[in-house]
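Visitor: The file below is target26.tsv, TSV, C-alpha atoms and all ligand atoms:
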chain	number	residue	atom	x	y	z
A	1	MET	CA	11.74	5.20	14.73
A	2	ASP	CA	13.53	7.51	17.17
A	3	MET	CA	11.52	9.57	19.62
A	4	ASN	CA	13.34	12.67	20.90
A	5	GLU	CA	11.92	15.29	23.29
A	6	LYS	CA	10.55	17.37	20.45
A	7	MET	CA	8.76	14.38	18.90
A	8	LEU	CA	7.33	13.36	22.29
A	9	GLY	CA	5.99	16.90	22.70
A	10	ARG	CA	4.34	16.80	19.27
A	11	ILE	CA	2.80	13.39	19.99
A	12	LYS	CA	1.37	14.60	23.32
A	13	LYS	CA	-0.11	17.62	21.59
A	14	SER	CA	-1.76	15.36	19.02
A	15	ILE	CA	-3.16	13.09	21.77
A	16	THR	CA	-4.59	16.09	23.62
A	17	HIS	CA	-6.22	17.26	20.41
A	18	ALA	CA	-7.56	13.79	19.53
A	19	MET	CA	-9.20	13.49	22.95
A	20	LYS	CA	-11.45	16.45	22.10
A	21	GLY	CA	-13.32	14.06	19.81
A	22	VAL	CA	-15.92	11.55	20.96
A	23	PHE	CA	-13.89	8.50	19.97
A	24	TYR	CA	-10.56	9.25	21.70
A	25	GLY	CA	-12.38	10.93	24.60
A	26	GLU	CA	-13.72	7.47	25.29
A	27	HIS	CA	-10.79	5.32	24.02
A	28	PHE	CA	-8.25	7.18	26.21
A	29	LYS	CA	-10.60	7.79	29.14
A	30	GLY	CA	-8.63	8.34	32.35
A	31	ILE	CA	-5.37	9.04	30.49
A	32	ASP	CA	-3.70	12.40	31.11
A	33	PRO	CA	-1.48	13.31	28.14
A	34	ALA	CA	0.66	15.46	30.47
A	35	GLY	CA	1.52	12.29	32.38
A	36	ILE	CA	3.22	10.70	29.34
A	37	LYS	CA	6.86	11.26	30.27
A	38	ASP	CA	8.71	9.13	27.78
A	39	ARG	CA	8.55	6.61	24.99
A	40	ALA	CA	7.76	3.73	27.37
A	41	ASP	CA	4.70	5.63	28.66
A	42	PHE	CA	3.55	6.29	25.11
A	43	GLU	CA	3.91	2.62	24.20
A	44	LYS	CA	1.53	1.69	27.00
A	45	LEU	CA	-1.34	3.52	25.27
A	46	PRO	CA	-3.91	1.22	23.67
A	47	PHE	CA	-3.70	0.71	19.90
A	48	THR	CA	-6.40	1.94	17.58
A	49	GLU	CA	-7.83	-0.75	15.30
A	50	LYS	CA	-9.81	-0.38	12.10
A	51	ALA	CA	-12.74	-2.00	13.92
A	52	ASP	CA	-12.65	0.92	16.40
A	53	LEU	CA	-12.97	3.34	13.50
A	54	ARG	CA	-15.94	1.39	12.15
A	55	ASP	CA	-17.59	1.64	15.55
A	56	ALA	CA	-17.04	5.40	15.48
A	57	TYR	CA	-19.16	5.63	12.28
A	58	PRO	CA	-20.14	8.11	11.03
A	59	LEU	CA	-18.37	11.05	12.70
A	60	GLY	CA	-17.08	9.80	16.05
A	61	LEU	CA	-13.48	10.54	15.04
A	62	LEU	CA	-14.18	14.22	14.44
A	63	ALA	CA	-11.93	16.30	16.72
A	64	VAL	CA	-12.76	19.84	15.47
A	65	ASP	CA	-15.89	21.96	15.17
A	66	GLU	CA	-17.88	20.96	12.12
A	67	GLU	CA	-17.44	24.37	10.49
A	68	LYS	CA	-13.76	23.54	10.00
A	69	VAL	CA	-14.48	20.36	8.02
A	70	VAL	CA	-14.19	20.77	4.23
A	71	ARG	CA	-14.23	17.19	2.98
A	72	ILE	CA	-15.09	13.59	3.76
A	73	HIS	CA	-13.30	10.47	2.58
A	74	SER	CA	-14.21	6.91	3.30
A	75	SER	CA	-12.37	3.62	3.17
A	76	SER	CA	-14.04	0.71	1.50
A	77	GLY	CA	-16.76	-1.11	3.32
A	78	THR	CA	-16.23	-4.48	1.65
A	79	THR	CA	-15.71	-6.20	4.99
A	80	GLY	CA	-18.38	-4.40	6.97
A	81	GLN	CA	-19.19	-0.85	7.99
A	82	ALA	CA	-17.23	1.84	6.12
A	83	VAL	CA	-14.92	4.21	7.97
A	84	ILE	CA	-15.51	7.96	7.55
A	85	ILE	CA	-12.55	10.34	7.77
A	86	PRO	CA	-13.28	14.10	7.96
A	87	TYR	CA	-10.61	16.54	6.66
A	88	THR	CA	-10.06	20.21	7.49
A	89	GLN	CA	-8.52	22.59	4.93
A	90	LYS	CA	-5.17	22.16	6.71
A	91	ASP	CA	-5.46	18.36	6.39
A	92	VAL	CA	-6.12	18.68	2.66
A	93	ASP	CA	-3.23	21.16	2.25
A	94	ASP	CA	-0.82	19.01	4.28
A	95	TRP	CA	-1.72	15.95	2.22
A	96	ALA	CA	-1.12	17.86	-1.04
A	97	LEU	CA	2.24	19.04	0.27
A	98	MET	CA	3.33	15.52	1.23
A	99	PHE	CA	2.16	14.23	-2.13
A	100	SER	CA	4.01	16.92	-4.09
A	101	ARG	CA	7.09	15.94	-2.13
A	102	CYS	CA	6.54	12.36	-3.34
A	103	TYR	CA	6.50	13.53	-6.96
A	104	LYS	CA	9.67	15.57	-6.39
A	105	THR	CA	11.37	12.53	-4.85
A	106	ALA	CA	10.49	10.61	-8.01
A	107	GLY	CA	12.02	13.39	-10.11
A	108	VAL	CA	8.68	14.57	-11.52
A	109	THR	CA	8.64	18.28	-12.48
A	110	ALA	CA	6.20	20.98	-13.65
A	111	LEU	CA	7.00	19.92	-17.21
A	112	ASP	CA	5.61	16.42	-16.70
A	113	ARG	CA	2.17	15.25	-17.78
A	114	VAL	CA	0.67	13.11	-15.05
A	115	HIS	CA	-1.85	10.46	-16.10
A	116	ILE	CA	-3.94	9.46	-13.07
A	117	THR	CA	-5.82	6.16	-13.22
A	118	PRO	CA	-6.79	5.44	-9.58
A	119	GLY	CA	-10.45	6.10	-8.76
A	120	TYR	CA	-11.95	9.41	-7.67
A	121	GLY	CA	-14.75	9.87	-5.16
A	122	LEU	CA	-14.97	8.79	-1.54
A	123	TRP	CA	-11.81	6.76	-2.03
A	124	THR	CA	-8.69	8.88	-1.41
A	125	ALA	CA	-6.56	7.65	-4.28
A	126	GLY	CA	-7.29	9.70	-7.42
A	127	ILE	CA	-7.75	13.06	-5.75
A	128	GLY	CA	-4.53	12.67	-3.75
A	129	PHE	CA	-2.49	12.07	-6.90
A	130	GLN	CA	-4.29	15.06	-8.43
A	131	LEU	CA	-3.68	17.53	-5.56
A	132	GLY	CA	0.01	16.70	-5.29
A	133	ALA	CA	0.62	17.01	-9.04
A	134	GLU	CA	-1.26	20.31	-9.24
A	135	LEU	CA	0.68	21.73	-6.29
A	136	LEU	CA	3.87	20.71	-8.09
A	137	GLY	CA	2.61	22.52	-11.19
A	138	ALA	CA	2.49	19.51	-13.50
A	139	MET	CA	-0.23	18.99	-16.12
A	140	THR	CA	-2.65	16.50	-14.59
A	141	ILE	CA	-4.84	14.18	-16.62
A	142	PRO	CA	-7.55	12.92	-14.25
A	143	MET	CA	-8.59	9.74	-16.05
A	144	GLY	CA	-9.80	7.59	-13.20
A	145	PRO	CA	-9.97	3.83	-13.77
A	146	GLY	CA	-11.32	1.76	-16.65
A	147	ASN	CA	-11.88	2.21	-20.38
A	148	THR	CA	-8.51	1.02	-21.59
A	149	ASP	CA	-9.09	2.28	-25.16
A	150	LYS	CA	-9.58	5.82	-23.93
A	151	GLN	CA	-6.66	5.55	-21.50
A	152	LEU	CA	-4.29	4.57	-24.30
A	153	LYS	CA	-5.63	7.20	-26.72
A	154	MET	CA	-5.17	9.99	-24.16
A	155	MET	CA	-1.76	8.63	-23.23
A	156	GLU	CA	-0.72	8.80	-26.90
A	157	ASP	CA	-2.35	12.12	-27.81
A	158	LEU	CA	-1.35	14.02	-24.69
A	159	LYS	CA	2.06	12.34	-24.48
A	160	SER	CA	1.64	11.46	-20.81
A	161	THR	CA	5.03	11.10	-19.12
A	162	VAL	CA	4.00	9.83	-15.66
A	163	LEU	CA	1.56	7.00	-15.02
A	164	CYS	CA	-0.12	6.75	-11.61
A	165	ALA	CA	-1.78	3.37	-11.06
A	166	THR	CA	-2.14	0.28	-8.95
A	167	SER	CA	0.38	-2.38	-9.90
A	168	SER	CA	-2.31	-4.61	-11.39
A	169	TYR	CA	-3.67	-1.84	-13.60
A	170	ALA	CA	-0.17	-0.80	-14.68
A	171	LEU	CA	0.43	-4.41	-15.69
A	172	LEU	CA	-2.86	-4.55	-17.58
A	173	LEU	CA	-1.95	-1.36	-19.50
A	174	ALA	CA	1.58	-2.61	-20.16
A	175	GLU	CA	0.27	-5.87	-21.58
A	176	GLU	CA	-2.28	-4.05	-23.71
A	177	ILE	CA	0.38	-1.67	-25.11
A	178	GLU	CA	2.52	-4.70	-25.95
A	179	ARG	CA	-0.41	-6.55	-27.55
A	180	ARG	CA	-1.38	-3.58	-29.72
A	181	GLY	CA	2.25	-2.90	-30.67
A	182	ILE	CA	1.98	0.81	-29.80
A	183	ARG	CA	4.99	1.01	-27.52
A	184	ASN	CA	6.66	3.63	-29.79
A	185	LYS	CA	3.65	5.96	-29.42
A	186	ILE	CA	3.82	5.94	-25.61
A	187	HIS	CA	5.94	8.61	-23.88
A	188	LEU	CA	5.88	7.39	-20.29
A	189	LYS	CA	9.10	7.86	-18.31
A	190	LYS	CA	8.02	7.13	-14.76
A	191	SER	CA	5.27	5.31	-12.96
A	192	LEU	CA	4.06	5.84	-9.39
A	193	ILE	CA	2.46	2.70	-8.08
A	194	GLY	CA	0.06	2.54	-5.14
A	195	SER	CA	1.38	0.71	-2.16
A	196	GLU	CA	-0.11	-2.76	-2.42
A	197	ARG	CA	2.48	-5.46	-2.00
A	198	TRP	CA	3.79	-6.63	-5.35
A	199	GLY	CA	6.52	-8.96	-6.42
A	200	GLU	CA	9.86	-8.32	-8.07
A	201	LYS	CA	8.88	-10.21	-11.20
A	202	MET	CA	5.78	-8.08	-11.74
A	203	ARG	CA	7.88	-4.96	-11.13
A	204	GLN	CA	10.41	-6.03	-13.75
A	205	ARG	CA	7.69	-6.77	-16.29
A	206	ILE	CA	5.96	-3.41	-15.83
A	207	ALA	CA	9.28	-1.55	-15.93
A	208	ALA	CA	10.42	-3.39	-19.04
A	209	GLU	CA	7.16	-3.35	-20.99
A	210	LEU	CA	6.35	0.30	-20.25
A	211	GLY	CA	9.99	1.36	-20.30
A	212	VAL	CA	9.60	3.36	-17.09
A	213	GLU	CA	11.26	3.94	-13.71
A	214	LEU	CA	8.97	2.69	-10.96
A	215	TYR	CA	8.25	4.29	-7.59
A	216	ASP	CA	6.26	2.75	-4.71
A	217	ILE	CA	3.97	5.23	-3.04
A	218	TYR	CA	2.66	4.48	0.45
A	219	GLY	CA	-0.50	5.51	2.22
A	220	LEU	CA	-3.93	4.57	3.50
A	221	THR	CA	-7.25	6.38	3.60
A	222	GLU	CA	-7.35	6.45	7.40
A	223	ILE	CA	-4.13	8.51	7.37
A	224	TYR	CA	-4.60	11.13	4.62
A	225	GLY	CA	-4.42	8.60	1.77
A	226	PRO	CA	-1.55	7.66	-0.57
A	227	GLY	CA	1.43	10.01	-0.42
A	228	ILE	CA	2.70	9.71	3.16
A	229	GLY	CA	5.84	7.99	1.89
A	230	ILE	CA	7.56	6.95	-1.34
A	231	SER	CA	10.57	5.04	-2.62
A	232	CYS	CA	13.43	7.03	-4.15
A	233	ARG	CA	15.85	6.57	-7.05
A	234	CYS	CA	18.00	4.30	-4.84
A	235	ASN	CA	15.12	1.84	-4.77
A	236	SER	CA	15.77	0.78	-1.20
A	237	GLY	CA	12.54	1.01	0.77
A	238	MET	CA	10.23	4.01	1.17
A	239	HIS	CA	11.01	7.33	2.85
A	240	MET	CA	8.29	8.31	5.33
A	241	TRP	CA	7.29	11.95	5.93
A	242	THR	CA	8.00	11.94	9.65
A	243	ASP	CA	7.31	15.64	10.06
A	244	TYR	CA	3.64	14.65	9.75
A	245	LEU	CA	3.65	11.23	11.38
A	246	TYR	CA	5.40	9.03	13.90
A	247	TYR	CA	5.63	5.31	13.25
A	248	GLU	CA	6.41	2.12	15.16
A	249	ILE	CA	7.00	-1.46	14.00
A	250	ILE	CA	5.39	-3.99	16.33
A	251	ASN	CA	5.09	-7.74	16.61
A	252	PRO	CA	1.54	-8.27	15.27
A	253	LYS	CA	0.93	-11.17	17.67
A	254	THR	CA	2.14	-9.67	20.95
A	255	GLY	CA	1.89	-5.91	20.29
A	256	GLU	CA	5.47	-5.49	21.59
A	257	GLN	CA	7.99	-3.34	19.70
A	258	ALA	CA	9.87	-5.30	17.04
A	259	ALA	CA	13.64	-5.51	17.44
A	260	ALA	CA	15.72	-3.22	15.20
A	261	GLY	CA	15.41	-4.36	11.59
A	262	GLU	CA	12.90	-7.09	12.42
A	263	THR	CA	9.77	-7.44	10.27
A	264	GLY	CA	6.51	-6.50	11.93
A	265	GLU	CA	3.38	-4.43	11.59
A	266	LEU	CA	3.51	-0.71	10.87
A	267	VAL	CA	1.69	1.44	13.46
A	268	ILE	CA	1.19	5.15	12.78
A	269	THR	CA	0.45	8.21	14.95
A	270	THR	CA	-0.48	11.44	13.17
A	271	LEU	CA	1.20	14.65	14.36
A	272	GLU	CA	-0.64	17.37	12.46
A	273	LYS	CA	-4.00	15.93	11.56
A	274	GLU	CA	-6.95	18.06	12.72
A	275	GLY	CA	-10.15	16.47	11.42
A	276	ALA	CA	-9.50	12.88	12.43
A	277	PRO	CA	-6.21	12.45	14.27
A	278	LEU	CA	-5.13	8.84	14.88
A	279	ILE	CA	-2.92	7.60	17.69
A	280	ARG	CA	-1.11	4.24	17.42
A	281	TYR	CA	-3.19	3.14	14.45
A	282	ARG	CA	-2.53	-0.45	13.36
A	283	THR	CA	-2.13	-0.50	9.56
A	284	HIS	CA	-1.70	-4.31	9.34
A	285	ASP	CA	1.00	-3.66	6.72
A	286	LEU	CA	4.09	-5.78	7.28
A	287	THR	CA	7.48	-4.16	6.84
A	288	ARG	CA	10.68	-3.37	8.74
A	289	GLU	CA	12.71	-0.30	9.50
A	290	LEU	CA	15.77	0.21	7.29
A	291	PRO	CA	18.84	1.49	9.14
A	292	GLY	CA	21.01	4.51	8.39
A	293	PRO	CA	20.82	7.31	5.85
A	294	CYS	CA	19.82	6.68	2.23
A	295	GLU	CA	22.28	7.29	-0.58
A	296	CYS	CA	19.80	9.67	-2.23
A	297	GLY	CA	20.53	12.14	0.58
A	298	LEU	CA	16.91	12.59	1.65
A	299	ASP	CA	16.78	13.11	5.40
A	300	PHE	CA	13.67	11.05	6.17
A	301	PRO	CA	13.75	7.50	7.66
A	302	ARG	CA	12.82	4.49	5.55
A	303	ILE	CA	10.66	1.43	5.88
A	304	ASP	CA	11.17	-1.57	3.60
A	305	THR	CA	8.92	-2.43	0.66
A	306	LEU	CA	5.74	-3.98	2.10
A	307	ILE	CA	5.85	-7.75	2.31
A	308	GLY	CA	2.13	-8.22	2.84
A	309	ARG	CA	-0.56	-7.66	5.42
A	310	SER	CA	-0.70	-9.36	8.78
A	311	ASP	CA	-4.26	-10.40	7.91
A	312	ASP	CA	-3.19	-11.86	4.49
A	313	MET	CA	-0.99	-14.45	6.07
A	314	VAL	CA	-2.55	-17.91	5.84
A	315	LYS	CA	-1.60	-21.05	7.67
A	316	VAL	CA	-1.92	-24.38	5.81
A	317	LYS	CA	-0.82	-27.64	7.45
A	318	GLY	CA	1.37	-25.69	9.84
A	319	ALA	CA	3.15	-23.72	7.08
A	320	MET	CA	2.84	-19.91	7.12
A	321	ILE	CA	2.18	-18.57	3.63
A	322	TYR	CA	2.79	-14.90	2.81
A	323	PRO	CA	2.07	-13.60	-0.69
A	324	SER	CA	5.60	-12.17	-0.82
A	325	ARG	CA	7.13	-15.60	-0.16
A	326	VAL	CA	5.11	-17.07	-3.01
A	327	ASP	CA	6.38	-14.29	-5.30
A	328	GLU	CA	9.91	-15.04	-4.21
A	329	VAL	CA	9.63	-18.77	-4.87
A	330	LEU	CA	7.98	-18.33	-8.27
A	331	SER	CA	10.37	-15.60	-9.39
A	332	GLY	CA	13.26	-18.05	-9.01
A	333	ILE	CA	11.81	-20.44	-11.59
A	334	ALA	CA	12.51	-19.78	-15.27
A	335	GLY	CA	9.40	-19.93	-17.46
A	336	VAL	CA	6.97	-18.99	-14.64
A	337	SER	CA	5.34	-15.56	-15.05
A	338	SER	CA	4.49	-13.05	-12.30
A	339	GLU	CA	0.79	-13.90	-12.18
A	340	TYR	CA	-0.53	-16.64	-9.96
A	341	GLN	CA	-3.55	-17.58	-7.88
A	342	ILE	CA	-3.82	-19.79	-4.82
A	343	GLN	CA	-7.04	-21.52	-3.75
A	344	ILE	CA	-7.07	-23.24	-0.37
A	345	ASP	CA	-9.85	-25.74	0.26
A	346	HIS	CA	-10.74	-28.25	2.91
A	347	LEU	CA	-11.71	-31.61	1.38
A	348	ASN	CA	-12.23	-34.97	3.08
A	349	GLY	CA	-10.73	-33.76	6.31
A	350	ARG	CA	-7.58	-32.22	4.90
A	351	ASP	CA	-6.37	-28.91	3.51
A	352	ILE	CA	-5.57	-28.73	-0.19
A	353	LEU	CA	-3.59	-25.92	-1.76
A	354	ASN	CA	-4.15	-25.37	-5.48
A	355	LEU	CA	-1.67	-23.09	-7.17
A	356	LEU	CA	-2.38	-21.76	-10.66
A	357	PHE	CA	0.44	-19.94	-12.42
A	358	GLU	CA	0.81	-18.34	-15.84
A	359	THR	CA	3.53	-19.44	-18.23
A	360	GLY	CA	4.58	-18.75	-21.80
A	361	VAL	CA	5.45	-22.45	-22.18
A	362	ALA	CA	2.72	-23.97	-24.36
A	363	ASP	CA	3.58	-27.64	-24.97
A	364	PRO	CA	1.87	-30.08	-22.56
A	365	ALA	CA	5.07	-31.92	-21.60
A	366	GLY	CA	6.85	-28.64	-20.84
A	367	MET	CA	3.91	-27.43	-18.74
A	368	LYS	CA	3.84	-30.71	-16.83
A	369	ALA	CA	7.55	-30.46	-16.07
A	370	LEU	CA	7.12	-26.87	-14.88
A	371	GLU	CA	4.31	-27.95	-12.54
A	372	LYS	CA	6.62	-30.54	-10.97
A	373	THR	CA	9.38	-27.93	-10.56
A	374	VAL	CA	6.97	-25.49	-8.87
A	375	GLU	CA	5.68	-28.19	-6.52
A	376	ALA	CA	9.20	-29.18	-5.50
A	377	ALA	CA	10.30	-25.56	-4.97
A	378	PHE	CA	7.23	-24.90	-2.83
A	379	LYS	CA	7.89	-27.98	-0.73
A	380	GLU	CA	11.50	-26.96	-0.22
A	381	LYS	CA	11.04	-23.25	0.51
A	382	ILE	CA	7.57	-23.02	2.10
A	383	GLY	CA	7.22	-26.48	3.56
A	384	ILE	CA	4.06	-27.62	1.80
A	385	THR	CA	3.38	-29.36	-1.52
A	386	PRO	CA	0.71	-27.64	-3.61
A	387	GLU	CA	-1.25	-29.05	-6.53
A	388	ALA	CA	0.36	-26.85	-9.18
A	389	LYS	CA	-1.32	-26.14	-12.50
A	390	ALA	CA	0.20	-24.22	-15.39
A	391	VAL	CA	-2.11	-21.96	-17.43
A	392	GLY	CA	-1.43	-19.78	-20.46
A	393	MET	CA	-0.50	-16.09	-20.28
A	394	MET	CA	-3.46	-13.74	-19.59
A	395	GLU	CA	-5.68	-16.56	-18.34
A	396	LEU	CA	-5.80	-15.39	-14.72
A	397	PRO	CA	-7.97	-12.36	-13.89
A	398	ARG	CA	-6.46	-8.84	-13.95
A	399	SER	CA	-7.93	-6.10	-11.82
A	400	GLU	CA	-8.05	-2.30	-11.89
A	401	LYS	CA	-7.92	-2.28	-8.12
A	402	LYS	CA	-5.80	-4.36	-5.81
A	403	SER	CA	-5.72	-7.97	-6.91
A	404	THR	CA	-6.32	-10.82	-4.52
A	405	ARG	CA	-4.09	-13.81	-5.17
A	406	ILE	CA	-4.75	-16.05	-2.21
A	407	PHE	CA	-8.28	-17.31	-1.64
A	408	ASP	CA	-8.90	-19.22	1.56
A	409	ASN	CA	-12.15	-21.14	1.04
A	410	ARG	CA	-11.88	-23.25	4.17
A	411	TYR	CA	-14.14	-21.21	6.43
B	501	ZN	ZN	16.43	7.58	-0.69
Using structure tokens, write down the structure from this file.
Ligand SMILES: [Zn+2]
Guide:
Amino acid sequence: MDMNEKMLGRIKKSITHAMKGVFYGEHFKGIDPAGIKDRADFEKLPFTEKADLRDAYPLGLLAVDEEKVVRIHSSSGTTGQAVIIPYTQKDVDDWALMFSRCYKTAGVTALDRVHITPGYGLWTAGIGFQLGAELLGAMTIPMGPGNTDKQLKMMEDLKSTVLCATSSYALLLAEEIERRGIRNKIHLKKSLIGSERWGEKMRQRIAAELGVELYDIYGLTEIYGPGIGISCRCNSGMHMWTDYLYYEIINPKTGEQAAAGETGELVITTLEKEGAPLIRYRTHDLTRELPGPCECGLDFPRIDTLIGRSDDMVKVKGAMIYPSRVDEVLSGIAGVSSEYQIQIDHLNGRDILNLLFETGVADPAGMKALEKTVEAAFKEKIGITPEAKAVGMMELPRSEKKSTRIFDNRY
């Protein structure tokens, strides 16, 4: 995004503040923020990686006196040491403000009833949805995840109008509503979906089965949490709240700036964060900058819908496979549903790609034909022939959290 004098000044102020903490004091050792004269100077600063934040465990990121800290959040430690992010009252307030702006962008008002299914606790999701909705003045229903029976009962009895969920949980609820035939008792109008990458086919199914408008909400625990950006009614990418953050799109391999409109990795610098400011933080989310103003009239720049994570990309027999490409290929084939799973194995010296997909087609000959079609489409569009296998609807696992679709079992 653009960096004018004012933005450069704000970034330098944030760097100076960050360097008061142990982590950036060390990470930026020998760097004088006053010596950063322009964008090129800023882009010479080292990136901050998630691994750096793990090394700073537990409180190495803290850049204020402890008496100012009011809350701790933590990102999941499934792949090693967790990351701890301390928040001041201002950080919590700023997050709530950004989140309430997200709701407003989605057309949610104080008369809405907001049903929140993401988890509460150390994870930032549930409480972020809660704070933003309360600030807006809406009636919040803090369900948290799980217990589908209770979710649906509350949704019916309280006439929830807005569903906040991950895409996989929204799909699970949509399918359950369909199965129980209770669609006419559900009052949902909109759904705000956490920012995991999800395909067009899944989007259409959730929208159609729940009868809602869908909005993509962006965020990550390291930078406040969800709510730092959202899609609008024009459904063309996500507006980012650039009064609180500065972002770059880089080539994930070289670290150089991506050309205008080119897909790359999103890198974020916080401008206002007190507890744990982050400078040039690599999100590993792949997207691109969208040019020009949006038709909705909102004066905040946009990034495109996420196409995946730079660490989700897998290479099989020289072909690069992104989850979003798989979605794209499958969505072009009639009879193939949105749900699939890929297992990559190494057998007898060669890589094998098994692709399981759900279909409503039930006769064996029809399923066989569909498998052949999927294999041919894969070969043509991705450059590799999978072993495709059709399975019935609902046979693949659903998840309340983010679902993994590609499993690389080779290493
Ligand atoms: Zn817009």
Visitor: Quick one: pull the distance between CA of Cys296 in chain A and CA of Leu97 in chain A, Å, one decimal.
Guide: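 For CA of Cys296 in chain A relative to CA of Leu97 in chain A, the distance reads 20.1 Å.
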Visitor: What do you get as a ChimeraX atom specification if you pick all residues at most 6 Å from ligand ZN 501 (chain B), counting only C-alpha atoms and all ligand atoms?
Guide: /A:232,234,294-296,298
Visitor: As an exercise, work out the distance from CA of Met1 in chain A to CA of Asp41 in chain A in Å and give it to one decimal place.
Guide: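 Separating CA of Met1 in chain A from CA of Asp41 in chain A is a distance of 15.6 Å.
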Visitor: Go through A:Phe378, A:Tyr103, A:Phe23, A:Tyr246 and flag the residue nearest Asn4 in chain A, using only C-alpha atoms for the distances.
Guide: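 Selected residue with least distance to Asn4 in chain A: A:Tyr246.
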Visitor: From the options A:Asp408, A:Glu256, A:Asp351, A:Asp91, which residue's atoms come nearest to Ile72 in chain A, counting only C-alpha atoms?
Guide: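 Ranking A:Asp408, A:Glu256, A:Asp351, A:Asp91 by distance to Ile72 in chain A, first place goes to A:Asp91.
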Visitor: Please list, as JSON, numbers by chain, the residues that have an atom at most 8 Å away from (6.6, -15.0, -19.0) in the coordinates of this file, counting all atoms listed in the file.
Guide: {"A": [335, 336, 337, 338, 358, 359, 360, 393]}
Visitor: Could you tell me how far CA of Gly9 in chain A lies from CA of Leu271 in chain A, in Å and to one decimal?
Guide: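 Between CA of Gly9 in chain A and CA of Leu271 in chain A the gap is 9.9 Å.
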Visitor: Let me make sure I understand: among A:Glu248, A:Asp149, A:Glu375, A:Asp52, which one has the smallest atom-to-atom distance to Met3 in chain A if we use only C-alpha atoms?
Guide: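 The closest residue to Met3 in chain A is A:Glu248.
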Visitor: Using only the atoms of range 132-137 of chain A listed in the file, plus 4 Å on each side, state the axis-aligned box centre and edge lengths in Å rounded to one decimal, as AutoDock Vina command-line options.
Guide:
--center_x 1.3 --center_y 19.6 --center_z -8.2 --size_x 13.1 --size_y 13.8 --size_z 13.9
Visitor: Quick one: of A:Ile384, A:Pro86, A:Met313, A:Arg280, who's nearest to Glu67 in chain A, counting all atoms listed in the file?
Guide: A:Pro86
Visitor: Just need range 169-173 of chain A in a file, please: all heavy atoms, as an mmCIF file, in the first residue's frame.
Guide:
data_model
loop_
_atom_site.group_PDB
_atom_site.id
_atom_site.type_symbol
_atom_site.label_atom_id
_atom_site.label_comp_id
_atom_site.auth_asym_id
_atom_site.auth_seq_id
_atom_site.Cartn_x
_atom_site.Cartn_y
_atom_site.Cartn_z
ATOM 1 N N TYR A 169 -17.588 -24.625 10.290
ATOM 2 C CA TYR A 169 -18.687 -24.777 11.246
ATOM 3 C C TYR A 169 -19.993 -24.227 10.670
ATOM 4 O O TYR A 169 -21.071 -24.791 10.902
ATOM 5 C CB TYR A 169 -18.354 -24.116 12.587
ATOM 6 C CG TYR A 169 -19.249 -24.625 13.705
ATOM 7 C CD1 TYR A 169 -19.446 -25.985 13.880
ATOM 8 C CD2 TYR A 169 -19.904 -23.756 14.552
ATOM 9 C CE1 TYR A 169 -20.279 -26.472 14.888
ATOM 10 C CE2 TYR A 169 -20.734 -24.229 15.573
ATOM 11 C CZ TYR A 169 -20.914 -25.578 15.732
ATOM 12 O OH TYR A 169 -21.730 -26.055 16.724
ATOM 13 N N ALA A 170 -19.904 -23.150 9.893
ATOM 14 C CA ALA A 170 -21.104 -22.621 9.239
ATOM 15 C C ALA A 170 -21.685 -23.677 8.307
ATOM 16 O O ALA A 170 -22.904 -23.872 8.248
ATOM 17 C CB ALA A 170 -20.770 -21.347 8.467
ATOM 18 N N LEU A 171 -20.821 -24.396 7.615
ATOM 19 C CA LEU A 171 -21.289 -25.447 6.703
ATOM 20 C C LEU A 171 -21.947 -26.578 7.494
ATOM 21 O O LEU A 171 -23.013 -27.072 7.125
ATOM 22 C CB LEU A 171 -20.118 -25.995 5.869
ATOM 23 C CG LEU A 171 -20.465 -27.138 4.919
ATOM 24 C CD1 LEU A 171 -21.451 -26.668 3.845
ATOM 25 C CD2 LEU A 171 -19.218 -27.708 4.246
ATOM 26 N N LEU A 172 -21.295 -26.960 8.592
ATOM 27 C CA LEU A 172 -21.863 -28.022 9.437
ATOM 28 C C LEU A 172 -23.265 -27.632 9.925
ATOM 29 O O LEU A 172 -24.213 -28.419 9.853
ATOM 30 C CB LEU A 172 -20.924 -28.263 10.626
ATOM 31 C CG LEU A 172 -21.214 -29.417 11.579
ATOM 32 C CD1 LEU A 172 -19.885 -29.956 12.144
ATOM 33 C CD2 LEU A 172 -22.104 -29.015 12.741
ATOM 34 N N LEU A 173 -23.414 -26.386 10.395
ATOM 35 C CA LEU A 173 -24.729 -25.927 10.871
ATOM 36 C C LEU A 173 -25.736 -25.874 9.720
ATOM 37 O O LEU A 173 -26.895 -26.289 9.881
ATOM 38 C CB LEU A 173 -24.602 -24.546 11.534
ATOM 39 C CG LEU A 173 -23.880 -24.526 12.888
ATOM 40 C CD1 LEU A 173 -23.647 -23.087 13.344
ATOM 41 C CD2 LEU A 173 -24.682 -25.281 13.955
#
